[in-house]
$ cat target.txt   # compact mmCIF, C-alpha atoms
# COMPACT_ATOMS: atom_id res chain seq x y z
CA GLY N 21 11.29 -89.86 -18.09
CA ALA N 22 10.11 -86.62 -19.62
CA GLY N 23 8.19 -85.47 -16.57
CA VAL N 24 7.24 -86.32 -13.02
CA SER N 25 5.31 -89.57 -12.97
CA GLN N 26 2.87 -90.52 -10.21
CA SER N 27 0.98 -93.71 -9.57
CA PRO N 28 -1.71 -94.71 -9.12
CA SER N 29 -3.63 -91.89 -10.74
CA ASN N 30 -6.72 -92.90 -8.79
CA LYS N 31 -7.06 -94.91 -5.61
CA VAL N 32 -10.23 -95.81 -3.76
CA THR N 33 -9.77 -97.43 -0.39
CA GLU N 34 -11.72 -98.24 2.71
CA LYS N 35 -11.28 -96.36 5.95
CA GLY N 36 -8.58 -97.95 8.07
CA LYS N 37 -6.57 -99.41 5.19
CA ASP N 38 -3.00 -98.37 4.38
CA VAL N 39 -2.13 -96.83 1.01
CA GLU N 40 1.10 -96.16 -0.83
CA LEU N 41 1.51 -93.48 -3.47
CA ARG N 42 4.53 -93.44 -5.73
CA CYS N 43 6.43 -90.60 -7.35
CA ASP N 44 9.14 -90.89 -10.00
CA PRO N 45 10.84 -87.48 -10.36
CA ILE N 46 12.56 -86.04 -13.38
CA SER N 47 15.97 -87.61 -13.82
CA GLY N 48 18.72 -85.51 -12.26
CA HIS N 49 16.42 -83.53 -10.00
CA THR N 50 17.75 -83.61 -6.46
CA ALA N 51 14.77 -82.02 -4.73
CA LEU N 52 11.42 -83.79 -4.35
CA TYR N 53 8.25 -82.46 -2.75
CA TRP N 54 4.89 -83.86 -1.74
CA TYR N 55 1.80 -81.66 -1.54
CA ARG N 56 -1.85 -82.34 -0.84
CA GLN N 57 -4.61 -80.57 -2.75
CA SER N 58 -8.01 -80.56 -1.13
CA LEU N 59 -11.15 -78.71 -2.19
CA GLY N 60 -11.15 -75.30 -0.59
CA GLN N 61 -7.77 -75.85 1.06
CA GLY N 62 -5.44 -75.11 -1.78
CA LEU N 63 -2.06 -76.79 -1.85
CA GLU N 64 -0.73 -78.02 1.47
CA PHE N 65 2.98 -78.79 1.78
CA LEU N 66 3.67 -82.22 3.26
CA ILE N 67 7.32 -83.18 2.98
CA TYR N 68 10.48 -82.24 1.11
CA PHE N 69 13.60 -84.24 0.23
CA GLN N 70 16.86 -82.65 -0.88
CA GLY N 71 19.70 -84.91 -1.88
CA ASN N 72 20.98 -86.96 1.03
CA SER N 73 19.86 -84.48 3.69
CA ALA N 74 17.28 -85.35 6.30
CA PRO N 75 13.83 -84.62 4.87
CA ASP N 76 11.76 -81.67 6.00
CA LYS N 77 8.70 -83.39 7.46
CA SER N 78 7.19 -80.27 8.97
CA GLY N 79 4.06 -80.43 6.85
CA LEU N 80 2.99 -83.98 7.60
CA PRO N 81 -0.44 -83.73 9.26
CA SER N 82 -0.10 -86.73 11.57
CA ASP N 83 2.11 -89.71 12.36
CA ARG N 84 -0.05 -91.81 10.04
CA PHE N 85 1.77 -90.12 7.17
CA SER N 86 5.31 -91.03 6.20
CA ALA N 87 7.47 -90.85 3.12
CA GLU N 88 10.74 -92.21 1.93
CA ARG N 89 12.97 -91.64 -1.01
CA THR N 90 15.14 -94.51 -2.10
CA GLY N 91 18.43 -93.97 -3.87
CA GLY N 92 17.75 -90.29 -4.22
CA SER N 93 15.12 -90.93 -6.87
CA VAL N 94 11.73 -92.61 -6.47
CA SER N 95 9.63 -91.60 -3.47
CA THR N 96 6.75 -93.34 -1.74
CA LEU N 97 4.18 -91.58 0.42
CA THR N 98 2.47 -93.94 2.84
CA ILE N 99 -0.73 -93.22 4.70
CA GLN N 100 -1.59 -95.69 7.41
CA ARG N 101 -5.06 -96.34 8.78
CA THR N 102 -6.64 -93.97 6.27
CA GLN N 103 -9.43 -91.65 7.33
CA GLN N 104 -12.08 -89.97 5.21
CA GLU N 105 -10.41 -86.60 5.71
CA ASP N 106 -7.34 -87.99 3.91
CA SER N 107 -9.31 -87.90 0.66
CA ALA N 108 -7.49 -85.47 -1.62
CA VAL N 109 -5.21 -85.26 -4.60
CA TYR N 110 -1.61 -85.92 -3.63
CA LEU N 111 0.87 -84.06 -5.81
CA CYS N 112 4.54 -84.73 -6.22
CA ALA N 113 7.02 -82.23 -7.64
CA SER N 114 10.73 -82.18 -8.33
CA SER N 115 13.31 -79.52 -9.04
CA LEU N 116 17.00 -79.27 -9.82
CA GLY N 117 17.70 -77.94 -6.35
CA PRO N 118 16.22 -75.98 -3.49
CA SER N 119 17.79 -72.63 -3.97
CA GLY N 120 16.93 -69.53 -5.91
CA ALA N 121 13.97 -69.46 -8.23
CA GLY N 122 14.26 -72.97 -9.57
CA GLU N 123 11.01 -74.17 -11.07
CA LEU N 124 9.11 -77.03 -9.49
CA PHE N 125 7.78 -79.54 -11.99
CA PHE N 126 4.59 -81.25 -10.88
CA GLY N 127 3.11 -84.62 -11.66
CA GLU N 128 -0.56 -85.00 -12.42
CA GLY N 129 -1.29 -86.29 -8.96
CA SER N 130 -2.81 -89.31 -7.28
CA ARG N 131 -6.45 -88.88 -6.37
CA LEU N 132 -7.22 -90.71 -3.13
CA THR N 133 -10.77 -91.43 -2.06
CA VAL N 134 -11.34 -92.96 1.36
CA LEU N 135 -14.78 -94.49 1.78
CA GLY I 27 5.87 -67.57 9.28
CA ASN I 28 5.63 -67.38 5.53
CA SER I 29 2.20 -67.25 3.97
CA VAL I 30 0.39 -66.28 0.80
CA THR I 31 -3.07 -64.78 0.52
CA GLN I 32 -4.84 -64.56 -2.81
CA MET I 33 -8.27 -63.39 -3.77
CA GLU I 34 -10.91 -66.02 -3.55
CA GLY I 35 -12.80 -67.04 -6.60
CA PRO I 36 -14.40 -68.08 -8.61
CA VAL I 37 -13.83 -65.28 -11.08
CA THR I 38 -15.99 -65.23 -14.19
CA LEU I 39 -15.12 -62.91 -17.08
CA SER I 40 -16.13 -62.42 -20.67
CA GLU I 41 -13.57 -62.95 -23.39
CA GLU I 42 -11.28 -59.94 -23.90
CA ALA I 43 -11.95 -58.59 -20.42
CA PHE I 44 -9.14 -57.36 -18.17
CA LEU I 45 -8.02 -59.73 -15.43
CA THR I 46 -6.52 -59.03 -12.03
CA ILE I 47 -5.98 -61.68 -9.40
CA ASN I 48 -4.65 -60.20 -6.19
CA CYS I 49 -1.88 -61.87 -4.21
CA THR I 50 -0.13 -60.66 -1.07
CA TYR I 51 2.49 -62.41 0.97
CA THR I 52 4.06 -62.46 4.41
CA ALA I 53 7.68 -63.50 4.57
CA THR I 54 11.05 -62.88 6.13
CA GLY I 55 13.28 -61.21 3.61
CA TYR I 56 12.54 -61.17 -0.08
CA PRO I 57 11.61 -64.61 -1.36
CA SER I 58 11.15 -65.52 -4.99
CA LEU I 59 7.52 -65.28 -6.06
CA PHE I 60 5.60 -67.41 -8.54
CA TRP I 61 2.31 -67.87 -10.29
CA TYR I 62 1.38 -71.44 -11.18
CA VAL I 63 -1.58 -72.45 -13.33
CA GLN I 64 -3.61 -75.63 -13.39
CA TYR I 65 -5.65 -76.16 -16.55
CA PRO I 66 -8.59 -78.55 -16.38
CA GLY I 67 -7.37 -82.13 -16.20
CA GLU I 68 -3.70 -81.16 -16.15
CA GLY I 69 -0.95 -80.81 -13.58
CA LEU I 70 0.32 -77.54 -12.17
CA GLN I 71 2.75 -75.67 -14.32
CA LEU I 72 4.77 -72.54 -13.83
CA LEU I 73 3.22 -69.47 -15.44
CA LEU I 74 5.71 -66.79 -14.40
CA LYS I 75 8.10 -65.82 -11.65
CA ALA I 76 10.04 -62.90 -10.15
CA THR I 77 13.13 -63.21 -8.02
CA LYS I 78 13.60 -59.73 -6.58
CA ALA I 79 11.82 -56.51 -5.83
CA ASP I 80 10.50 -54.58 -8.85
CA ASP I 81 11.05 -57.57 -11.14
CA LYS I 82 8.23 -58.18 -13.58
CA GLY I 83 7.47 -61.74 -14.60
CA SER I 84 5.58 -62.27 -17.84
CA ASN I 85 4.35 -65.15 -19.96
CA LYS I 86 1.45 -65.82 -22.36
CA GLY I 87 0.24 -62.23 -21.97
CA PHE I 88 0.14 -62.48 -18.18
CA GLU I 89 2.24 -60.17 -16.01
CA ALA I 90 3.00 -59.76 -12.32
CA THR I 91 5.30 -57.26 -10.61
CA TYR I 92 7.11 -57.96 -7.34
CA ARG I 93 6.15 -55.07 -5.05
CA LYS I 94 8.01 -55.15 -1.75
CA GLU I 95 6.35 -51.95 -0.49
CA THR I 96 2.93 -53.57 -0.62
CA THR I 97 4.19 -57.18 -0.35
CA SER I 98 2.14 -58.00 -3.41
CA PHE I 99 2.46 -59.95 -6.65
CA HIS I 100 -0.84 -59.37 -8.45
CA LEU I 101 -1.47 -61.25 -11.68
CA GLU I 102 -2.82 -59.27 -14.64
CA LYS I 103 -3.78 -59.87 -18.24
CA GLY I 104 -5.15 -57.25 -20.56
CA SER I 105 -7.45 -59.46 -22.62
CA VAL I 106 -8.39 -62.93 -21.43
CA GLN I 107 -9.33 -65.81 -23.68
CA VAL I 108 -11.52 -68.83 -23.11
CA SER I 109 -8.36 -70.93 -23.07
CA ASP I 110 -7.19 -69.04 -19.95
CA SER I 111 -9.88 -70.75 -17.89
CA ALA I 112 -7.95 -72.49 -15.13
CA VAL I 113 -7.04 -72.33 -11.45
CA TYR I 114 -4.25 -69.88 -10.66
CA PHE I 115 -1.99 -70.24 -7.62
CA CYS I 116 0.30 -67.61 -6.17
CA ALA I 117 3.34 -68.96 -4.30
CA LEU I 118 6.53 -67.97 -2.57
CA LYS I 119 9.68 -69.96 -2.04
CA GLY I 120 10.37 -70.71 1.60
CA SER I 121 13.80 -70.71 3.15
CA GLN I 122 13.90 -74.51 2.99
CA GLY I 123 13.27 -74.53 -0.74
CA ASN I 124 9.64 -75.61 -0.68
CA LEU I 125 6.88 -73.56 -2.27
CA ILE I 126 4.15 -72.07 -0.08
CA PHE I 127 0.94 -71.66 -2.04
CA GLY I 128 -2.17 -69.58 -1.79
CA LYS I 129 -5.52 -71.32 -1.94
CA GLY I 130 -5.96 -70.80 -5.66
CA THR I 131 -8.36 -68.73 -7.73
CA LYS I 132 -10.57 -70.38 -10.31
CA LEU I 133 -11.01 -68.34 -13.46
CA SER I 134 -13.77 -69.03 -15.97
CA VAL I 135 -13.79 -67.09 -19.23
CA LYS I 136 -17.01 -67.08 -21.23
CA PRO I 137 -17.10 -66.56 -25.01
$ encode --input "target.txt" --output "structure tokens"
Amino acid sequence: GAGVSQSPSNKVTEKGKDVELRCDPISGHTALYWYRQSLGQGLEFLIYFQGNSAPDKSGLPSDRFSAERTGGSVSTLTIQRTQQEDSAVYLCASSLGPSGAGELFFGEGSRLTVL
Amino acid sequence: GNSVTQMEGPVTLSEEAFLTINCTYTATGYPSLFWYVQYPGEGLQLLLKATKADDKGSNKGFEATYRKETTSFHLEKGSVQVSDSAVYFCALKGSQGNLIFGKGTKLSVKP
């Protein structure tokens, strides 16, 4: 597609439920990133995939969060047993590669509200 | 570790005023530096970047100069417009390739 596509754009769920957020990066981009944007917290790095390398999971806030990237393209971020503090906008980005000053292209995000 | 600190907003200016949004960083070495902008209802997009010391990034009338002496990358614009109202994020590129962002500065420009 023309840009990074994320779905759903909005998700309301009850505390304790699992949610899956999907990201479809720009075709040909080998690097894929997940960030979380919360009010007053700015953009928090969650996880990063580069090609076939093991992902950098250093930003995941707890073991309730996981992500996978199938076939080097689409990625799914899963949050298990959601909590109210998980409410945020989850942003996905992709880039041609990790090095230098390559631009990250962002999707419009998935807004998660946990009741 | 790597980090970015930018001035907290919100910042409210009148049209045609001069804008400065301060950004300083802590990093090993000399990472690439970026300003991203998020217009209301839109996704983040790259505004400008600089890859080495003394580089000046510029776009849409905005400028920022990579200052290694002061570890700064302040964003400036000589005359803001209402259409510049947005949230601005300073960022550096970490050694793993991910971007590390500041907390963002919301700019509102009044006519």
$ closest_atom_pairs --input "target.txt" --of "chain N" --to "chain I" --cutoff "12 Å" --atoms "all atoms listed in the file" --output "JSON lines"
{"residue": "N:Gly23", "atom": "CA", "partner": "I:Gly69", "partner_atom": "CA", "distance": 10.7}
{"residue": "N:Val24", "atom": "CA", "partner": "I:Gly69", "partner_atom": "CA", "distance": 9.9}
{"residue": "N:Ser25", "atom": "CA", "partner": "I:Gly69", "partner_atom": "CA", "distance": 10.8}
{"residue": "N:Gln26", "atom": "CA", "partner": "I:Gly69", "partner_atom": "CA", "distance": 11.0}
{"residue": "N:Ser29", "atom": "CA", "partner": "I:Gly69", "partner_atom": "CA", "distance": 11.7}
{"residue": "N:Thr50", "atom": "CA", "partner": "I:Gly123", "partner_atom": "CA", "distance": 11.6}
{"residue": "N:Ala51", "atom": "CA", "partner": "I:Gly123", "partner_atom": "CA", "distance": 8.6}
{"residue": "N:Leu52", "atom": "CA", "partner": "I:Asn124", "partner_atom": "CA", "distance": 9.1}
{"residue": "N:Tyr53", "atom": "CA", "partner": "I:Asn124", "partner_atom": "CA", "distance": 7.3}
{"residue": "N:Trp54", "atom": "CA", "partner": "I:Asn124", "partner_atom": "CA", "distance": 9.6}
{"residue": "N:Tyr55", "atom": "CA", "partner": "I:Leu125", "partner_atom": "CA", "distance": 9.6}
{"residue": "N:Arg56", "atom": "CA", "partner": "I:Phe127", "partner_atom": "CA", "distance": 11.1}
{"residue": "N:Gln57", "atom": "CA", "partner": "I:Lys129", "partner_atom": "CA", "distance": 9.3}
{"residue": "N:Ser58", "atom": "CA", "partner": "I:Lys129", "partner_atom": "CA", "distance": 9.6}
{"residue": "N:Leu59", "atom": "CA", "partner": "I:Lys129", "partner_atom": "CA", "distance": 9.3}
{"residue": "N:Gly60", "atom": "CA", "partner": "I:Lys129", "partner_atom": "CA", "distance": 7.0}
{"residue": "N:Gln61", "atom": "CA", "partner": "I:Lys129", "partner_atom": "CA", "distance": 5.9}
{"residue": "N:Gly62", "atom": "CA", "partner": "I:Lys129", "partner_atom": "CA", "distance": 3.8}
{"residue": "N:Leu63", "atom": "CA", "partner": "I:Phe127", "partner_atom": "CA", "distance": 5.9}
{"residue": "N:Glu64", "atom": "CA", "partner": "I:Phe127", "partner_atom": "CA", "distance": 7.5}
{"residue": "N:Phe65", "atom": "CA", "partner": "I:Ile126", "partner_atom": "CA", "distance": 7.1}
{"residue": "N:Leu66", "atom": "CA", "partner": "I:Asn124", "partner_atom": "CA", "distance": 9.7}
{"residue": "N:Ile67", "atom": "CA", "partner": "I:Asn124", "partner_atom": "CA", "distance": 8.7}
{"residue": "N:Tyr68", "atom": "CA", "partner": "I:Asn124", "partner_atom": "CA", "distance": 6.9}
{"residue": "N:Phe69", "atom": "CA", "partner": "I:Asn124", "partner_atom": "CA", "distance": 9.5}
{"residue": "N:Gln70", "atom": "CA", "partner": "I:Gly123", "partner_atom": "CA", "distance": 8.9}
{"residue": "N:Ser73", "atom": "CA", "partner": "I:Gln122", "partner_atom": "CA", "distance": 11.6}
{"residue": "N:Ala74", "atom": "CA", "partner": "I:Gln122", "partner_atom": "CA", "distance": 11.8}
{"residue": "N:Pro75", "atom": "CA", "partner": "I:Gln122", "partner_atom": "CA", "distance": 10.3}
{"residue": "N:Asp76", "atom": "CA", "partner": "I:Gln122", "partner_atom": "CA", "distance": 8.1}
{"residue": "N:Lys77", "atom": "CA", "partner": "I:Gln122", "partner_atom": "CA", "distance": 11.2}
{"residue": "N:Ser78", "atom": "CA", "partner": "I:Gln122", "partner_atom": "CA", "distance": 10.7}
{"residue": "N:Gly79", "atom": "CA", "partner": "I:Asn124", "partner_atom": "CA", "distance": 10.5}
{"residue": "N:Val109", "atom": "CA", "partner": "I:Gly69", "partner_atom": "CA", "distance": 10.9}
{"residue": "N:Tyr110", "atom": "CA", "partner": "I:Gly69", "partner_atom": "CA", "distance": 11.2}
{"residue": "N:Leu111", "atom": "CA", "partner": "I:Gly69", "partner_atom": "CA", "distance": 8.6}
{"residue": "N:Cys112", "atom": "CA", "partner": "I:Gly69", "partner_atom": "CA", "distance": 10.0}
{"residue": "N:Ala113", "atom": "CA", "partner": "I:Leu70", "partner_atom": "CA", "distance": 9.3}
{"residue": "N:Ser114", "atom": "CA", "partner": "I:Asn124", "partner_atom": "CA", "distance": 10.1}
{"residue": "N:Ser115", "atom": "CA", "partner": "I:Gly123", "partner_atom": "CA", "distance": 9.7}
{"residue": "N:Leu116", "atom": "CA", "partner": "I:Gly123", "partner_atom": "CA", "distance": 10.9}
{"residue": "N:Gly117", "atom": "CA", "partner": "I:Gly123", "partner_atom": "CA", "distance": 7.9}
{"residue": "N:Pro118", "atom": "CA", "partner": "I:Gly123", "partner_atom": "CA", "distance": 4.3}
{"residue": "N:Ser119", "atom": "CA", "partner": "I:Gly123", "partner_atom": "CA", "distance": 5.9}
{"residue": "N:Gly120", "atom": "CA", "partner": "I:Ser58", "partner_atom": "CA", "distance": 7.1}
{"residue": "N:Ala121", "atom": "CA", "partner": "I:Ser58", "partner_atom": "CA", "distance": 5.8}
{"residue": "N:Gly122", "atom": "CA", "partner": "I:Gly123", "partner_atom": "CA", "distance": 9.0}
{"residue": "N:Glu123", "atom": "CA", "partner": "I:Leu72", "partner_atom": "CA", "distance": 7.0}
{"residue": "N:Leu124", "atom": "CA", "partner": "I:Leu72", "partner_atom": "CA", "distance": 7.6}
{"residue": "N:Phe125", "atom": "CA", "partner": "I:Gln71", "partner_atom": "CA", "distance": 6.8}
{"residue": "N:Phe126", "atom": "CA", "partner": "I:Leu70", "partner_atom": "CA", "distance": 5.8}
{"residue": "N:Gly127", "atom": "CA", "partner": "I:Gly69", "partner_atom": "CA", "distance": 5.9}
{"residue": "N:Glu128", "atom": "CA", "partner": "I:Gly69", "partner_atom": "CA", "distance": 4.4}
{"residue": "N:Gly129", "atom": "CA", "partner": "I:Gly69", "partner_atom": "CA", "distance": 7.2}
{"residue": "N:Ser130", "atom": "CA", "partner": "I:Gly69", "partner_atom": "CA", "distance": 10.7}
{"residue": "N:Arg131", "atom": "CA", "partner": "I:Gly67", "partner_atom": "CA", "distance": 12.0}
$ closest_residue --input "target.txt" --among "N:Arg42, N:Lys37, N:His49, N:Lys31" --to "Leu97 in chain N" --atoms "all atoms listed in the file"
N:Arg42
$ residues_around --input "target.txt" --residues "Ala22 in chain N" --least-positions-apart "3" --cutoff "10 Å" --atoms "all atoms listed in the file" --output "list in words"
Ser25, Pro45, Ile46 and Ser47 of chain N
$ atom_distance --input "target.txt" --atom1 "CA of Gln32 in chain I" --atom2 "CA of Leu133 in chain I"
12.9 Å
$ atom_distance --input "target.txt" --atom1 "CA of Val30 in chain I" --atom2 "CA of Phe85 in chain N"
24.7 Å
$ residues_around --input "target.txt" --residues "Ser105 in chain I" --least-positions-apart "6" --cutoff "6 Å" --atoms "all atoms listed in the file" --output "list of chain:residue names"
I:Glu42, I:Ala43, I:Phe44
$ atom_distance --input "target.txt" --atom1 "CA of Val37 in chain I" --atom2 "CA of Val108 in chain I"
12.8 Å
$ closest_residue --input "target.txt" --among "N:Asn72, N:Ser27, N:Val32, N:Leu41" --to "Ile99 in chain N" --atoms "all atoms listed in the file"
N:Leu41
$ residues_near_point --input "target.txt" --point "(-9.2, -88.4, 5.9)" --cutoff "12 Å" --atoms "all atoms listed in the file" --output "PyMOL selection string"
chain N and resi 33-38+56+58+81-82+84-85+99-109+132-135
$ write_last_selection --input "target.txt" --atoms "C-alpha atoms" --output "PDB file, in the coordinates of the input"
ATOM      1  CA  THR N  33      -9.770 -97.430  -0.390  1.00  0.00           C
ATOM      2  CA  GLU N  34     -11.720 -98.240   2.710  1.00  0.00           C
ATOM      3  CA  LYS N  35     -11.280 -96.360   5.950  1.00  0.00           C
ATOM      4  CA  GLY N  36      -8.580 -97.950   8.070  1.00  0.00           C
ATOM      5  CA  LYS N  37      -6.570 -99.410   5.190  1.00  0.00           C
ATOM      6  CA  ASP N  38      -3.000 -98.370   4.380  1.00  0.00           C
ATOM      7  CA  ARG N  56      -1.850 -82.340  -0.840  1.00  0.00           C
ATOM      8  CA  SER N  58      -8.010 -80.560  -1.130  1.00  0.00           C
ATOM      9  CA  PRO N  81      -0.440 -83.730   9.260  1.00  0.00           C
ATOM     10  CA  SER N  82      -0.100 -86.730  11.570  1.00  0.00           C
ATOM     11  CA  ARG N  84      -0.050 -91.810  10.040  1.00  0.00           C
ATOM     12  CA  PHE N  85       1.770 -90.120   7.170  1.00  0.00           C
ATOM     13  CA  ILE N  99      -0.730 -93.220   4.700  1.00  0.00           C
ATOM     14  CA  GLN N 100      -1.590 -95.690   7.410  1.00  0.00           C
ATOM     15  CA  ARG N 101      -5.060 -96.340   8.780  1.00  0.00           C
ATOM     16  CA  THR N 102      -6.640 -93.970   6.270  1.00  0.00           C
ATOM     17  CA  GLN N 103      -9.430 -91.650   7.330  1.00  0.00           C
ATOM     18  CA  GLN N 104     -12.080 -89.970   5.210  1.00  0.00           C
ATOM     19  CA  GLU N 105     -10.410 -86.600   5.710  1.00  0.00           C
ATOM     20  CA  ASP N 106      -7.340 -87.990   3.910  1.00  0.00           C
ATOM     21  CA  SER N 107      -9.310 -87.900   0.660  1.00  0.00           C
ATOM     22  CA  ALA N 108      -7.490 -85.470  -1.620  1.00  0.00           C
ATOM     23  CA  VAL N 109      -5.210 -85.260  -4.600  1.00  0.00           C
ATOM     24  CA  LEU N 132      -7.220 -90.710  -3.130  1.00  0.00           C
ATOM     25  CA  THR N 133     -10.770 -91.430  -2.060  1.00  0.00           C
ATOM     26  CA  VAL N 134     -11.340 -92.960   1.360  1.00  0.00           C
ATOM     27  CA  LEU N 135     -14.780 -94.490   1.780  1.00  0.00           C
TER      28      LEU N 135
END
$ residues_around --input "target.txt" --residues "Phe88 in chain I" --least-positions-apart "3" --cutoff "6 Å" --atoms "only C-alpha atoms" --output "number ranges by chain"
I: 84-85, 102-103
$ write_last_selection --input "target.txt" --atoms "C-alpha atoms" --output "PDB file, keeping the file's coordinate frame"
ATOM      1  CA  SER I  84       5.580 -62.270 -17.840  1.00  0.00           C
ATOM      2  CA  ASN I  85       4.350 -65.150 -19.960  1.00  0.00           C
ATOM      3  CA  GLU I 102      -2.820 -59.270 -14.640  1.00  0.00           C
ATOM      4  CA  LYS I 103      -3.780 -59.870 -18.240  1.00  0.00           C
TER       5      LYS I 103
END
$ closest_residue --input "target.txt" --among "I:Leu39, I:Val135, I:Cys49, I:Ala90" --to "Leu73 in chain I" --atoms "all atoms listed in the file"
I:Ala90
$ residues_near_point --input "target.txt" --point "(9.8, -56.6, -12.1)" --cutoff "6 Å" --atoms "all atoms listed in the file" --output "JSON, numbers by chain"
{"I": [80, 81, 82, 91, 92]}
$ decode --input "target.txt" --residues "range 40-111 of chain N" --atoms "C-alpha atoms" --output "PDB file, in the first residue's frame"
ATOM      1  CA  GLU N  40      -4.704  -7.740  18.954  1.00  0.00           C
ATOM      2  CA  LEU N  41      -3.544  -4.751  16.954  1.00  0.00           C
ATOM      3  CA  ARG N  42      -2.386  -5.142  13.378  1.00  0.00           C
ATOM      4  CA  CYS N  43       0.196  -3.272  11.342  1.00  0.00           C
ATOM      5  CA  ASP N  44       0.792  -3.560   7.607  1.00  0.00           C
ATOM      6  CA  PRO N  45       4.071  -1.788   6.765  1.00  0.00           C
ATOM      7  CA  ILE N  46       5.093  -0.159   3.525  1.00  0.00           C
ATOM      8  CA  SER N  47       6.038  -2.788   0.984  1.00  0.00           C
ATOM      9  CA  GLY N  48       9.777  -3.408   0.900  1.00  0.00           C
ATOM     10  CA  HIS N  49      10.461  -1.925   4.312  1.00  0.00           C
ATOM     11  CA  THR N  50      12.514  -4.356   6.361  1.00  0.00           C
ATOM     12  CA  ALA N  51      12.308  -2.558   9.690  1.00  0.00           C
ATOM     13  CA  LEU N  52       9.092  -2.330  11.727  1.00  0.00           C
ATOM     14  CA  TYR N  53       8.552  -0.556  15.035  1.00  0.00           C
ATOM     15  CA  TRP N  54       5.798  -0.366  17.619  1.00  0.00           C
ATOM     16  CA  TYR N  55       5.407   2.667  19.878  1.00  0.00           C
ATOM     17  CA  ARG N  56       2.853   3.668  22.475  1.00  0.00           C
ATOM     18  CA  GLN N  57       1.629   7.243  22.789  1.00  0.00           C
ATOM     19  CA  SER N  58       0.042   8.176  26.076  1.00  0.00           C
ATOM     20  CA  LEU N  59      -1.076  11.583  27.301  1.00  0.00           C
ATOM     21  CA  GLY N  60       1.818  13.271  29.031  1.00  0.00           C
ATOM     22  CA  GLN N  61       4.190  10.385  28.305  1.00  0.00           C
ATOM     23  CA  GLY N  62       5.176  11.121  24.762  1.00  0.00           C
ATOM     24  CA  LEU N  63       6.159   8.246  22.509  1.00  0.00           C
ATOM     25  CA  GLU N  64       7.345   5.098  24.234  1.00  0.00           C
ATOM     26  CA  PHE N  65       9.296   2.534  22.223  1.00  0.00           C
ATOM     27  CA  LEU N  66       7.917  -0.989  22.554  1.00  0.00           C
ATOM     28  CA  ILE N  67       9.495  -3.373  20.067  1.00  0.00           C
ATOM     29  CA  TYR N  68      11.491  -3.378  16.850  1.00  0.00           C
ATOM     30  CA  PHE N  69      11.801  -5.959  14.056  1.00  0.00           C
ATOM     31  CA  GLN N  70      14.575  -5.914  11.481  1.00  0.00           C
ATOM     32  CA  GLY N  71      14.494  -8.480   8.721  1.00  0.00           C
ATOM     33  CA  ASN N  72      14.941 -11.994  10.043  1.00  0.00           C
ATOM     34  CA  SER N  73      16.858 -10.935  13.142  1.00  0.00           C
ATOM     35  CA  ALA N  74      15.542 -11.521  16.631  1.00  0.00           C
ATOM     36  CA  PRO N  75      13.328  -8.586  17.600  1.00  0.00           C
ATOM     37  CA  ASP N  76      14.426  -5.974  20.099  1.00  0.00           C
ATOM     38  CA  LYS N  77      11.816  -6.373  22.827  1.00  0.00           C
ATOM     39  CA  SER N  78      13.520  -4.109  25.327  1.00  0.00           C
ATOM     40  CA  GLY N  79      10.659  -1.626  25.433  1.00  0.00           C
ATOM     41  CA  LEU N  80       7.819  -4.010  26.196  1.00  0.00           C
ATOM     42  CA  PRO N  81       6.387  -2.914  29.563  1.00  0.00           C
ATOM     43  CA  SER N  82       5.371  -6.345  30.826  1.00  0.00           C
ATOM     44  CA  ASP N  83       5.020  -9.977  29.780  1.00  0.00           C
ATOM     45  CA  ARG N  84       1.386  -9.287  28.902  1.00  0.00           C
ATOM     46  CA  PHE N  85       2.690  -7.599  25.762  1.00  0.00           C
ATOM     47  CA  SER N  86       3.984  -9.557  22.800  1.00  0.00           C
ATOM     48  CA  ALA N  87       4.395  -9.023  19.096  1.00  0.00           C
ATOM     49  CA  GLU N  88       5.137 -11.072  16.055  1.00  0.00           C
ATOM     50  CA  ARG N  89       5.906 -10.353  12.471  1.00  0.00           C
ATOM     51  CA  THR N  90       4.939 -12.984   9.950  1.00  0.00           C
ATOM     52  CA  GLY N  91       6.784 -13.390   6.683  1.00  0.00           C
ATOM     53  CA  GLY N  92       8.745 -10.236   7.287  1.00  0.00           C
ATOM     54  CA  SER N  93       5.685  -8.100   6.617  1.00  0.00           C
ATOM     55  CA  VAL N  94       2.517  -7.796   8.696  1.00  0.00           C
ATOM     56  CA  SER N  95       2.930  -7.468  12.454  1.00  0.00           C
ATOM     57  CA  THR N  96       0.513  -8.106  15.292  1.00  0.00           C
ATOM     58  CA  LEU N  97       0.844  -6.597  18.759  1.00  0.00           C
ATOM     59  CA  THR N  98      -1.005  -8.609  21.387  1.00  0.00           C
ATOM     60  CA  ILE N  99      -1.899  -7.374  24.837  1.00  0.00           C
ATOM     61  CA  GLN N 100      -3.174 -10.035  27.191  1.00  0.00           C
ATOM     62  CA  ARG N 101      -5.356  -9.415  30.231  1.00  0.00           C
ATOM     63  CA  THR N 102      -5.629  -5.714  29.446  1.00  0.00           C
ATOM     64  CA  GLN N 103      -5.454  -3.162  32.232  1.00  0.00           C
ATOM     65  CA  GLN N 104      -6.745   0.396  32.302  1.00  0.00           C
ATOM     66  CA  GLU N 105      -3.197   1.738  32.164  1.00  0.00           C
ATOM     67  CA  ASP N 106      -2.826   0.074  28.756  1.00  0.00           C
ATOM     68  CA  SER N 107      -5.179   2.691  27.307  1.00  0.00           C
ATOM     69  CA  ALA N 108      -3.160   4.625  24.735  1.00  0.00           C
ATOM     70  CA  VAL N 109      -2.612   5.074  21.040  1.00  0.00           C
ATOM     71  CA  TYR N 110      -0.418   2.324  19.630  1.00  0.00           C
ATOM     72  CA  LEU N 111       1.655   3.467  16.683  1.00  0.00           C
TER      73      LEU N 111
END
